[in-house]
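Data file: data-v9.txt. Format and content: compact mmCIF, C-alpha atoms and all ligand atoms.
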# COMPACT_ATOMS: atom_id res chain seq x y z
CA MET A 1101 1.60 20.02 -10.46
CA GLU A 1102 -1.17 22.19 -9.00
CA MET A 1103 -2.16 19.42 -6.59
CA ALA A 1104 1.52 18.88 -5.68
CA ARG A 1105 1.73 22.49 -4.46
CA ILE A 1106 -0.47 21.48 -1.51
CA GLY A 1107 1.95 20.27 1.15
CA SER A 1108 4.94 20.81 -1.13
CA THR A 1109 8.36 20.35 0.48
CA PRO A 1110 11.57 22.29 -0.29
CA ALA A 1111 13.13 19.14 -1.78
CA GLY A 1112 10.35 18.84 -4.38
CA GLY A 1113 8.10 16.29 -2.71
CA VAL A 1114 4.89 16.55 -0.73
CA SER A 1115 3.93 16.10 2.90
CA ARG A 1116 0.18 15.55 2.94
CA LEU A 1117 -0.59 13.25 5.83
CA ALA A 1118 -4.10 11.82 6.04
CA LEU A 1119 -6.69 14.26 7.49
CA SER A 1120 -4.12 17.04 8.02
CA ASP A 1121 -4.87 20.61 6.93
CA GLU A 1122 -2.97 19.82 3.73
CA ASP A 1123 -5.18 16.78 3.09
CA ARG A 1124 -8.24 18.98 3.60
CA ALA A 1125 -6.91 21.53 1.09
CA ALA A 1126 -6.21 18.76 -1.42
CA ARG A 1127 -9.72 17.37 -0.94
CA GLU A 1128 -11.26 20.83 -1.44
CA LEU A 1129 -9.31 21.33 -4.66
CA LEU A 1130 -10.28 17.88 -5.92
CA ARG A 1131 -13.91 18.48 -5.03
CA SER A 1132 -13.90 21.79 -6.94
CA TRP A 1133 -12.51 20.02 -10.02
CA TRP A 1134 -15.02 17.19 -9.69
CA GLU A 1135 -17.91 19.63 -9.44
CA ALA A 1136 -16.62 21.63 -12.42
CA ALA A 1137 -16.68 18.33 -14.34
CA GLY A 1138 -20.31 17.79 -13.35
CA LEU A 1139 -19.62 14.91 -10.98
CA ARG A 1140 -21.96 14.43 -8.04
CA THR A 1141 -19.72 14.29 -4.96
CA THR A 1142 -20.54 12.20 -1.91
CA VAL A 1143 -18.43 11.43 1.16
CA ASP A 1144 -18.83 8.36 3.36
CA GLU A 1145 -18.42 8.07 7.13
CA LEU A 1146 -14.69 7.37 6.69
CA GLY A 1147 -14.09 10.35 4.44
CA ASN A 1148 -13.75 8.25 1.29
CA MET A 1149 -14.79 10.64 -1.52
CA PHE A 1150 -16.83 9.53 -4.55
CA GLY A 1151 -17.71 11.51 -7.70
CA LEU A 1152 -20.47 9.99 -9.78
CA ARG A 1153 -20.81 10.12 -13.55
CA PRO A 1154 -24.18 8.49 -14.24
CA GLY A 1155 -24.48 5.60 -16.66
CA LEU A 1156 -27.15 4.91 -19.28
CA ASP A 1157 -28.63 2.30 -16.95
CA SER A 1158 -29.35 4.10 -13.69
CA ASP A 1159 -29.64 0.83 -11.77
CA ALA A 1160 -26.31 -0.58 -12.96
CA GLU A 1161 -23.43 -0.98 -10.52
CA PRO A 1162 -20.64 1.60 -10.89
CA VAL A 1163 -17.06 1.11 -12.01
CA LEU A 1164 -14.79 2.64 -9.33
CA VAL A 1165 -11.71 4.47 -10.63
CA GLY A 1166 -9.25 6.21 -8.34
CA SER A 1167 -6.49 6.04 -5.74
CA HIS A 1168 -5.44 8.28 -2.82
CA LEU A 1169 -4.30 11.87 -2.17
CA ASP A 1170 -2.62 11.32 1.22
CA SER A 1171 1.17 10.94 1.28
CA GLN A 1172 4.10 9.77 3.34
CA PRO A 1173 5.67 12.42 5.66
CA THR A 1174 8.31 13.07 3.01
CA GLY A 1175 6.49 11.61 0.03
CA GLY A 1176 6.47 12.18 -3.69
CA ARG A 1177 4.11 14.07 -5.99
CA PHE A 1178 2.74 11.07 -7.85
CA ASP A 1179 2.16 8.19 -5.41
CA GLY A 1180 -1.65 8.12 -5.30
CA ALA A 1181 -2.30 11.55 -6.81
CA LEU A 1182 -1.62 10.24 -10.32
CA GLY A 1183 -4.45 7.71 -10.03
CA VAL A 1184 -6.94 10.18 -8.55
CA LEU A 1185 -6.28 12.84 -11.17
CA ALA A 1186 -6.15 10.38 -14.07
CA ALA A 1187 -9.61 9.14 -13.03
CA LEU A 1188 -10.89 12.71 -13.34
CA GLU A 1189 -9.19 12.95 -16.73
CA VAL A 1190 -11.06 9.80 -17.78
CA VAL A 1191 -14.50 11.31 -17.12
CA GLU A 1192 -13.52 14.66 -18.65
CA SER A 1193 -12.31 12.86 -21.77
CA LEU A 1194 -15.54 10.87 -22.02
CA ASP A 1195 -17.56 14.07 -21.65
CA ALA A 1196 -15.47 15.83 -24.29
CA ALA A 1197 -15.93 12.91 -26.68
CA GLY A 1198 -19.66 12.63 -25.94
CA VAL A 1199 -19.30 9.01 -24.83
CA ALA A 1200 -21.89 7.49 -22.49
CA THR A 1201 -21.39 4.13 -20.78
CA PRO A 1202 -24.07 1.68 -19.64
CA HIS A 1203 -22.55 1.43 -16.14
CA PRO A 1204 -21.96 4.59 -14.06
CA ILE A 1205 -18.35 5.57 -13.38
CA GLU A 1206 -17.43 6.69 -9.88
CA VAL A 1207 -14.10 8.40 -9.32
CA VAL A 1208 -12.74 7.88 -5.84
CA ASN A 1209 -10.22 9.27 -3.35
CA TRP A 1210 -9.59 6.73 -0.54
CA THR A 1211 -8.84 8.01 2.97
CA ASN A 1212 -5.52 7.21 4.70
CA GLU A 1213 -4.13 4.78 2.13
CA GLU A 1214 -0.59 5.29 3.37
CA GLY A 1215 -1.40 4.46 6.98
CA SER A 1216 1.57 6.63 7.82
CA ARG A 1217 -0.41 8.82 10.22
CA PHE A 1218 -3.08 6.27 11.21
CA PRO A 1219 -1.65 2.73 10.88
CA PRO A 1220 -2.41 0.30 9.36
CA ALA A 1221 -2.41 1.21 5.68
CA MET A 1222 -5.50 0.93 3.49
CA ALA A 1223 -7.89 0.64 6.44
CA CYS A 1224 -10.63 2.80 4.87
CA SER A 1225 -10.77 0.94 1.56
CA GLY A 1226 -10.53 -2.19 3.72
CA ALA A 1227 -13.62 -1.13 5.67
CA PHE A 1228 -15.39 -0.29 2.39
CA ALA A 1229 -14.71 -3.87 1.31
CA GLY A 1230 -15.83 -5.33 4.64
CA ALA A 1231 -12.35 -6.44 5.74
CA PHE A 1232 -12.57 -4.20 8.85
CA ASP A 1233 -15.42 -2.78 10.92
CA VAL A 1234 -16.08 0.91 10.36
CA ASP A 1235 -15.60 1.51 14.09
CA TYR A 1236 -12.18 -0.12 13.95
CA ALA A 1237 -11.12 2.44 11.33
CA LEU A 1238 -12.77 5.38 13.15
CA GLU A 1239 -10.88 4.54 16.35
CA LEU A 1240 -7.42 4.39 14.76
CA GLU A 1241 -5.08 6.83 16.52
CA ASP A 1242 -2.16 8.91 15.35
CA ALA A 1243 1.04 9.29 17.41
CA SER A 1244 -0.49 12.14 19.44
CA GLY A 1245 -3.59 10.11 20.34
CA ARG A 1246 -6.05 11.86 18.02
CA THR A 1247 -8.49 9.48 16.39
CA LEU A 1248 -9.37 9.18 12.74
CA ALA A 1249 -12.97 10.05 13.68
CA GLU A 1250 -11.94 13.29 15.44
CA GLU A 1251 -9.76 14.38 12.58
CA LEU A 1252 -12.44 13.57 9.97
CA THR A 1253 -14.84 15.81 11.90
CA ARG A 1254 -12.22 18.55 12.33
CA ILE A 1255 -11.54 18.84 8.59
CA GLY A 1256 -15.23 18.47 7.69
CA TYR A 1257 -14.97 15.10 5.94
CA ARG A 1258 -16.95 12.77 8.17
CA GLY A 1259 -19.61 12.17 5.54
CA ALA A 1260 -23.12 10.79 5.81
CA ARG A 1261 -22.88 8.00 3.27
CA PRO A 1262 -22.62 4.48 4.73
CA VAL A 1263 -19.26 2.79 4.15
CA GLY A 1264 -19.44 0.13 1.42
CA GLY A 1265 -22.20 -2.43 1.48
CA ARG A 1266 -23.11 -1.84 -2.15
CA GLY A 1267 -22.55 -3.60 -5.43
CA ILE A 1268 -19.52 -2.57 -7.47
CA ARG A 1269 -19.16 -3.55 -11.13
CA ALA A 1270 -15.35 -3.36 -11.10
CA SER A 1271 -12.46 -1.27 -9.80
CA LEU A 1272 -9.41 0.14 -11.59
CA GLU A 1273 -6.40 2.04 -10.23
CA LEU A 1274 -3.53 3.70 -12.06
CA HIS A 1275 -0.40 4.01 -9.91
CA ILE A 1276 3.32 4.58 -10.28
CA GLU A 1277 5.24 1.31 -10.08
CA GLN A 1278 7.35 2.25 -7.02
CA GLY A 1279 9.97 -0.22 -8.22
CA PRO A 1280 12.55 -0.40 -11.05
CA ILE A 1281 11.24 -3.26 -13.21
CA LEU A 1282 9.40 -1.30 -15.93
CA GLU A 1283 12.24 1.18 -16.31
CA SER A 1284 14.85 -1.59 -16.50
CA ALA A 1285 12.80 -3.40 -19.14
CA SER A 1286 12.04 -0.16 -21.05
CA LYS A 1287 8.28 -0.80 -20.86
CA THR A 1288 5.66 1.92 -20.55
CA ILE A 1289 2.72 -0.01 -19.08
CA GLY A 1290 2.76 -2.56 -16.28
CA VAL A 1291 -0.25 -4.87 -16.42
CA VAL A 1292 -0.57 -5.66 -12.72
CA THR A 1293 -1.62 -9.27 -12.22
CA GLY A 1294 -1.56 -9.24 -8.42
CA VAL A 1295 0.03 -8.07 -5.22
CA GLN A 1296 2.48 -10.19 -3.30
CA GLY A 1297 1.64 -11.47 0.14
CA ALA A 1298 3.40 -10.16 3.23
CA ARG A 1299 3.94 -11.36 6.77
CA TRP A 1300 5.22 -9.16 9.58
CA TYR A 1301 6.92 -10.50 12.69
CA ASN A 1302 8.35 -9.30 15.96
CA VAL A 1303 11.27 -11.50 17.01
CA ARG A 1304 13.00 -11.50 20.39
CA ILE A 1305 16.25 -13.27 21.30
CA GLU A 1306 16.82 -13.39 25.05
CA GLY A 1307 20.14 -13.92 26.78
CA GLU A 1308 21.59 -12.60 29.99
CA ALA A 1309 22.65 -9.04 30.76
CA THR A 1310 26.17 -8.80 32.15
CA HIS A 1311 29.18 -6.47 32.34
CA ALA A 1312 31.09 -6.06 29.08
CA GLY A 1313 34.49 -6.63 30.75
CA PRO A 1314 34.90 -9.16 33.55
CA VAL A 1315 32.82 -12.14 32.37
CA PRO A 1316 34.73 -14.56 30.10
CA MET A 1317 33.29 -14.79 26.59
CA SER A 1318 32.74 -18.52 27.02
CA ARG A 1319 30.38 -17.92 29.92
CA ARG A 1320 28.23 -15.29 28.32
CA ARG A 1321 24.72 -15.78 26.94
CA ASP A 1322 24.90 -12.94 24.43
CA PRO A 1323 21.66 -12.40 22.47
CA VAL A 1324 23.43 -10.24 19.86
CA ARG A 1325 25.43 -13.25 18.66
CA GLY A 1326 22.20 -15.21 18.47
CA ALA A 1327 20.42 -12.48 16.52
CA ALA A 1328 23.39 -12.11 14.16
CA ARG A 1329 23.43 -15.86 13.46
CA VAL A 1330 19.65 -16.04 12.95
CA LEU A 1331 19.66 -13.07 10.58
CA ASP A 1332 22.65 -14.24 8.56
CA ARG A 1333 21.06 -17.66 8.04
CA LEU A 1334 17.64 -16.16 7.37
CA TYR A 1335 19.05 -13.94 4.61
CA GLU A 1336 20.70 -17.03 3.11
CA ALA A 1337 17.46 -19.02 3.31
CA VAL A 1338 15.53 -16.24 1.54
CA ARG A 1339 18.24 -15.83 -1.12
CA ASP A 1340 18.35 -19.58 -1.73
CA TYR A 1341 14.55 -19.94 -1.88
CA ASP A 1342 14.07 -18.07 -5.16
CA ASP A 1343 14.35 -14.60 -6.71
CA ASP A 1344 10.78 -13.67 -5.72
CA ALA A 1345 11.38 -14.00 -1.97
CA HIS A 1346 11.94 -10.71 -0.10
CA LEU A 1347 13.19 -10.04 3.41
CA ALA A 1348 13.59 -6.75 5.24
CA VAL A 1349 14.71 -6.23 8.84
CA GLY A 1350 13.71 -2.61 9.36
CA GLU A 1351 14.09 -2.28 13.12
CA ILE A 1352 16.67 -3.76 15.49
CA GLY A 1353 17.01 -2.87 19.15
CA THR A 1354 19.12 -4.02 22.11
CA HIS A 1355 17.89 -3.78 25.70
CA PRO A 1356 19.28 -2.16 27.68
CA ALA A 1357 21.05 -0.22 24.96
CA SER A 1358 24.32 0.49 26.74
CA ARG A 1359 27.75 0.11 25.17
CA ASN A 1360 29.41 -1.53 28.18
CA THR A 1361 26.66 -4.05 28.89
CA VAL A 1362 25.94 -7.35 27.14
CA PRO A 1363 22.22 -6.86 26.38
CA ALA A 1364 19.51 -8.90 28.06
CA HIS A 1365 17.66 -9.24 24.80
CA VAL A 1366 17.55 -8.18 21.17
CA ASP A 1367 14.30 -7.34 19.34
CA PHE A 1368 14.01 -7.12 15.58
CA THR A 1369 11.25 -6.92 12.99
CA VAL A 1370 10.96 -9.21 9.98
CA ASP A 1371 9.01 -8.36 6.80
CA LEU A 1372 8.73 -11.41 4.50
CA ARG A 1373 7.10 -11.10 1.06
CA HIS A 1374 6.48 -13.44 -1.84
CA PRO A 1375 3.93 -13.71 -4.67
CA GLU A 1376 3.02 -17.27 -3.56
CA ASP A 1377 1.36 -17.85 -0.19
CA ASP A 1378 2.82 -21.38 -0.10
CA ALA A 1379 6.29 -19.88 -0.29
CA LEU A 1380 5.51 -17.62 2.65
CA THR A 1381 4.42 -20.67 4.61
CA VAL A 1382 7.78 -22.31 3.89
CA LEU A 1383 9.71 -19.15 4.78
CA ASP A 1384 7.66 -18.79 7.96
CA ALA A 1385 8.73 -22.30 8.96
CA SER A 1386 12.37 -21.48 8.11
CA LEU A 1387 12.30 -18.41 10.33
CA ARG A 1388 10.78 -20.30 13.25
CA SER A 1389 13.09 -23.32 13.00
CA LEU A 1390 16.16 -21.09 12.62
CA VAL A 1391 15.30 -19.20 15.78
CA THR A 1392 14.69 -22.45 17.67
CA ARG A 1393 17.90 -24.09 16.44
CA VAL A 1394 20.18 -21.12 16.98
CA THR A 1395 18.84 -20.29 20.43
CA ASP A 1396 19.15 -23.97 21.46
CA GLU A 1397 22.77 -24.06 20.23
CA MET A 1398 23.64 -20.90 22.11
CA ALA A 1399 21.65 -21.39 25.33
CA LEU A 1400 19.39 -18.44 24.46
CA VAL A 1401 15.61 -18.13 24.32
CA GLY A 1402 13.78 -17.15 21.15
CA ASP A 1403 10.28 -15.87 20.53
CA VAL A 1404 8.68 -15.33 17.08
CA ARG A 1405 5.39 -13.49 16.88
CA GLN A 1406 3.52 -12.88 13.62
CA ILE A 1407 1.66 -9.57 13.93
CA TRP A 1408 0.18 -9.06 10.44
CA HIS A 1409 -0.55 -11.16 7.39
CA SER A 1410 -1.66 -9.86 4.00
CA PRO A 1411 -2.37 -12.79 1.69
CA THR A 1412 -1.31 -12.74 -1.94
CA VAL A 1413 -3.92 -11.11 -4.15
CA ARG A 1414 -4.57 -12.06 -7.75
CA PHE A 1415 -6.49 -9.49 -9.72
CA ALA A 1416 -9.53 -10.43 -11.80
CA PRO A 1417 -8.72 -11.90 -15.23
CA GLU A 1418 -11.42 -9.62 -16.64
CA CYS A 1419 -9.63 -6.49 -15.40
CA ILE A 1420 -6.17 -7.78 -16.35
CA GLY A 1421 -7.58 -8.52 -19.81
CA ALA A 1422 -9.12 -5.05 -20.14
CA VAL A 1423 -5.82 -3.38 -19.22
CA ARG A 1424 -3.81 -5.61 -21.55
CA ALA A 1425 -6.23 -5.04 -24.44
CA ALA A 1426 -6.30 -1.27 -23.92
CA SER A 1427 -2.52 -1.03 -23.78
CA GLY A 1428 -2.15 -3.26 -26.83
CA ALA A 1429 -4.71 -1.34 -28.89
CA LEU A 1430 -2.98 1.95 -28.05
CA GLY A 1431 0.39 0.53 -29.11
CA TYR A 1432 2.23 0.91 -25.80
CA SER A 1433 5.00 -1.46 -24.77
CA GLN A 1434 3.77 -3.51 -21.84
CA MET A 1435 4.64 -6.33 -19.50
CA ASP A 1436 2.93 -8.22 -16.70
CA VAL A 1437 4.09 -7.21 -13.24
CA PHE A 1438 3.31 -8.33 -9.72
CA SER A 1439 3.11 -5.49 -7.20
CA GLY A 1440 5.60 -5.52 -4.38
CA ALA A 1441 3.69 -2.81 -2.48
CA GLY A 1442 0.17 -2.85 -1.04
CA HIS A 1443 -2.65 -0.75 -2.57
CA ASP A 1444 -6.35 -0.04 -1.95
CA SER A 1445 -7.11 -2.39 -4.86
CA VAL A 1446 -5.97 -5.30 -2.66
CA TYR A 1447 -9.15 -4.93 -0.59
CA LEU A 1448 -11.42 -4.06 -3.52
CA GLN A 1449 -10.59 -7.40 -5.14
CA ARG A 1450 -12.55 -8.98 -2.24
CA ILE A 1451 -15.85 -7.44 -3.39
CA CYS A 1452 -15.52 -6.90 -7.14
CA PRO A 1453 -13.24 -7.58 -10.10
CA ALA A 1454 -10.25 -5.29 -9.52
CA GLY A 1455 -7.18 -4.36 -11.55
CA MET A 1456 -4.25 -1.97 -11.63
CA ILE A 1457 -2.06 -0.23 -14.18
CA PHE A 1458 1.54 0.74 -13.39
CA VAL A 1459 3.70 3.33 -15.12
CA PRO A 1460 7.45 3.69 -14.51
CA CYS A 1461 8.96 6.06 -11.96
CA ALA A 1462 12.54 7.32 -12.27
CA GLY A 1463 15.00 4.88 -10.75
CA GLY A 1464 12.12 2.98 -9.19
CA VAL A 1465 12.20 5.53 -6.35
CA SER A 1466 9.00 6.20 -4.36
CA HIS A 1467 8.01 7.21 -0.83
CA ALA A 1468 10.67 9.87 -1.35
CA GLU A 1469 10.63 13.54 -2.29
CA SER A 1470 12.66 12.82 -5.41
CA GLU A 1471 9.88 10.62 -6.86
CA SER A 1472 9.51 11.47 -10.55
CA ILE A 1473 7.66 10.35 -13.68
CA THR A 1474 7.49 11.64 -17.27
CA PRO A 1475 4.43 13.40 -18.75
CA GLU A 1476 4.49 10.84 -21.58
CA ASP A 1477 4.19 7.90 -19.19
CA ALA A 1478 1.46 9.66 -17.21
CA GLU A 1479 -0.46 10.21 -20.44
CA ALA A 1480 -0.01 6.59 -21.49
CA GLY A 1481 -1.23 5.34 -18.13
CA ALA A 1482 -4.27 7.63 -18.25
CA ASN A 1483 -5.10 6.49 -21.79
CA VAL A 1484 -4.98 2.84 -20.76
CA LEU A 1485 -7.12 3.67 -17.73
CA LEU A 1486 -9.65 5.42 -20.00
CA HIS A 1487 -10.05 2.55 -22.43
CA ALA A 1488 -10.06 -0.19 -19.80
CA THR A 1489 -12.66 1.76 -17.79
CA VAL A 1490 -14.93 2.13 -20.81
CA GLN A 1491 -14.70 -1.59 -21.50
CA LEU A 1492 -15.57 -2.52 -17.90
CA ALA A 1493 -18.41 0.01 -17.91
CA GLY A 1494 -19.96 -1.82 -20.83
CA GLY A 1495 -19.01 0.69 -23.54
CA GLU A 1496 -17.00 0.42 -26.73
CA PRO A 1497 -13.28 1.02 -25.98
ZN ZN B 1501 0.06 4.83 -3.24

Could I get this structure in the form of structure tokens?
Amino acid sequence: MEMARIGSTPAGGVSRLALSDEDRAARELLRSWWEAAGLRTTVDELGNMFGLRPGLDSDAEPVLVGSHLDSQPTGGRFDGALGVLAALEVVESLDAAGVATPHPIEVVNWTNEEGSRFPPAMACSGAFAGAFDVDYALELEDASGRTLAEELTRIGYRGARPVGGRGIRASLELHIEQGPILESASKTIGVVTGVQGARWYNVRIEGEATHAGPVPMSRRRDPVRGAARVLDRLYEAVRDYDDDAHLAVGEIGTHPASRNTVPAHVDFTVDLRHPEDDALTVLDASLRSLVTRVTDEMALVGDVRQIWHSPTVRFAPECIGAVRAASGALGYSQMDVFSGAGHDSVYLQRICPAGMIFVPCAGGVSHAESESITPEDAEAGANVLLHATVQLAGGEP
């Protein structure tokens, strides 16, 4: 609740965009808590913050535990912050119990997870994992043209530590589910087995601009009719594929947008998601053939451009097993879940065994000021994180 005061909004959420003054204040508070807990804080060139709790074996690779403190423009109090603060709770609990682990534990706060200010999302954990060049991340711009590098310098978080390039024993992240499945099933712990793949497209249907009145309907080449037919059939194709297929059309625009003109073209975005990459390949083909068929039928021209692809990620059996065992030993109700949303752990799985723990959020609502969780679920998630971390760090859970 203290962290949620930084950037708090009147409707009970937070607005803590990456590298804003609010993000700096949140980082300063976190750093003060880390230092009070005896953690050695380092910051890398992308502002990713690490707090080290040494292990018994000083040469052993660390277990990374954390999440992110940045938020959506009108975000909630728990998306990201829960995982960062629970990681601190893990090391404080180990200290209080006098427990040492063979592997070091490094708590982490990833920069710009949301990608809301500097798209795309997760670029700094991605660079840590070698998925992007560091320069690519440094040159990302916000809507006003300020770069990630400039803003890191401005808030004093362009650190000296090189980004990534080191061995990691394993990575764990506690996060709110951001969906309704755990709550509907009355389960406390989601054992996250992976993150579904996503493909993003820009689609254009071209027709012919003309006056809304004089031209007979039969002679028009109206791209809105084409877009409507494509979308209706695409929704049917996704519905008929299986229950795991997801489609969202978040942006639609006509050009020129004038009420008494048949538009020259219609642009819309398509977000397709599925836990199986093969399914996305099939749905990709459906989208393309639908656009071709409908535009041929209607004397229109279609163009489908894929602009982003995030393959399906399956988390390491070792981490899934550690989470399942911890939850079971602590007596929490649990179920396996596949994440519908992206997380920093997606990239970490490329360089080390990675895993995630979900706890329910009220109504499945997230990326909203009304986001809410119970103290009991937060405690359960932190307990599972503690025991799974100890196991991966070579200790006795
Ligand atoms: Zn998040």

For ligand ZN 1501 (chain B), collect every residue having any atom at a distance of at most 9 Å from a ligand atom (counting only C-alpha atoms and all ligand atoms); output as a PyMOL selection string.
-> chain A and resi 1167-1171+1178-1181+1183+1213-1214+1275-1276+1278+1441-1444+1467

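The shortest atom-to-atom distance to Leu1380 in chain A, with only C-alpha atoms taken into account, belongs to A:Leu1347 out of A:Ala1200, A:Leu1240, A:Leu1347, A:Met1101.
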
Enumerate, as a ChimeraX atom specification, the protein, DNA and RNA residues whose atoms approach (-21.1, 17.8, -13.3) to within 12 Å, taking into account only C-alpha atoms and the coordinate frame of the file.
-> /A:1131-1141,1151-1154,1188,1191-1192,1195

Output for the residues just chosen: C-alpha atoms as a tab-separated table (two decimals), in the frame of the given file:
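Once written, out_22.tsv looks like this:
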chain	number	residue	atom	x	y	z
A	1131	ARG	CA	-13.91	18.48	-5.03
A	1132	SER	CA	-13.90	21.79	-6.94
A	1133	TRP	CA	-12.51	20.02	-10.02
A	1134	TRP	CA	-15.02	17.19	-9.69
A	1135	GLU	CA	-17.91	19.63	-9.44
A	1136	ALA	CA	-16.62	21.63	-12.42
A	1137	ALA	CA	-16.68	18.33	-14.34
A	1138	GLY	CA	-20.31	17.79	-13.35
A	1139	LEU	CA	-19.62	14.91	-10.98
A	1140	ARG	CA	-21.96	14.43	-8.04
A	1141	THR	CA	-19.72	14.29	-4.96
A	1151	GLY	CA	-17.71	11.51	-7.70
A	1152	LEU	CA	-20.47	9.99	-9.78
A	1153	ARG	CA	-20.81	10.12	-13.55
A	1154	PRO	CA	-24.18	8.49	-14.24
A	1188	LEU	CA	-10.89	12.71	-13.34
A	1191	VAL	CA	-14.50	11.31	-17.12
A	1192	GLU	CA	-13.52	14.66	-18.65
A	1195	ASP	CA	-17.56	14.07	-21.65

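The two atoms in question, CA of Phe1232 in chain A and CA of Glu1250 in chain A, are spaced 18.7 Å apart.
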
Taking only C-alpha atoms into account, which of A:Val1303, A:Ala1480, A:Ala1126, A:Ala1118 comes nearest Ile1106 in chain A?
-> A:Ala1126

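Excluding Pro1475 in chain A itself and same-chain residues fewer than 2 positions from it, the residues having an atom within 12 Å of it are Met1101, Phe1178, Leu1182, Ala1186, Thr1288, Val1459, Pro1460, Cys1461, Ser1472, Ile1473, Asp1477, Ala1478, Glu1479, Ala1480, Gly1481 and Ala1482 of chain A, counting all atoms listed in the file.
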
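You will find CA of Val1370 in chain A at 16.6 Å from CA of Val1394 in chain A.
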
Within 9 Å of Val1490 in chain A, counting all atoms listed in the file, which residues qualify if same-chain residues fewer than 4 places away don't, as a list of chain:residue names?
-> A:Leu1194, A:Ala1200, A:Thr1201, A:His1203, A:Ile1205, A:Leu1485, A:Leu1486, A:Gly1494, A:Gly1495, A:Glu1496, A:Pro1497

Put those residues in a file: C-alpha atoms, as a JSON list (two decimals), in the frame of the given file.
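Written out: again-v6.json:
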[["chain", "number", "residue", "atom", "x", "y", "z"],
["A", 1194, "LEU", "CA", -15.54, 10.87, -22.02],
["A", 1200, "ALA", "CA", -21.89, 7.49, -22.49],
["A", 1201, "THR", "CA", -21.39, 4.13, -20.78],
["A", 1203, "HIS", "CA", -22.55, 1.43, -16.14],
["A", 1205, "ILE", "CA", -18.35, 5.57, -13.38],
["A", 1485, "LEU", "CA", -7.12, 3.67, -17.73],
["A", 1486, "LEU", "CA", -9.65, 5.42, -20.00],
["A", 1494, "GLY", "CA", -19.96, -1.82, -20.83],
["A", 1495, "GLY", "CA", -19.01, 0.69, -23.54],
["A", 1496, "GLU", "CA", -17.00, 0.42, -26.73],
["A", 1497, "PRO", "CA", -13.28, 1.02, -25.98]]

Centre, edges in Å (one decimal): axis-aligned box, range 1253-1258 of chain A, 6 Å padding on all six sides, as JSON:
{"center_x": -14.2, "center_y": 15.8, "center_z": 9.1, "size_x": 17.4, "size_y": 18.1, "size_z": 18.4}

May I have the protein, DNA and RNA residues with any atom at most 9 Å from the point (-20.5, 11.9, 7.3), counting all atoms listed in the file, written as JSON, numbers by chain?
-> {"A": [1143, 1144, 1145, 1146, 1147, 1252, 1253, 1256, 1257, 1258, 1259, 1260, 1261, 1262]}

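If only C-alpha atoms are the atoms counted, then among A:Met1398, A:Ser1216, A:Asp1342, A:Gly1112 the closest residue to Asp1322 in chain A is A:Met1398.
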
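Relative to CA of Ile1281 in chain A, CA of Pro1453 in chain A is found at 25.1 Å.
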
Within 7 Å of range 1421-1426 of chain A using all atoms listed in the file, minus same-chain residues under 4 positions, as a PyMOL selection string = chain A and resi 1291+1417+1430+1484+1487-1488+1491

Residue neighbourhood Ala1327 in chain A, 12 Å, all atoms listed in the file, exclusion window fewer than 5 positions, as a VMD selection string = chain A and resid 1303 to 1307 1321 to 1322 1332 to 1334 1349 1352 to 1354 1363 1365 to 1370 1387 1390 to 1395 1398 1400 to 1403

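For Thr1489 in chain A, the set of protein, DNA and RNA residues having any atom at most 8 Å away, when counting all atoms listed in the file and skipping those fewer than 3 positions along the same chain, is Val1163, Val1165, Leu1272, Leu1485, Leu1486, Leu1492 and Ala1493 of chain A.
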
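Counting all atoms listed in the file, the residue from A:Gly1107, A:Gly1230, A:Ser1433, A:Glu1241 that sits nearest to Gly1175 in chain A is A:Gly1107.
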
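When all atoms listed in the file are used to compute distances to Asp1242 in chain A, the closest of the residues A:Pro1220, A:Pro1314, A:Gly1297, A:Gly1464 turns out to be A:Pro1220.
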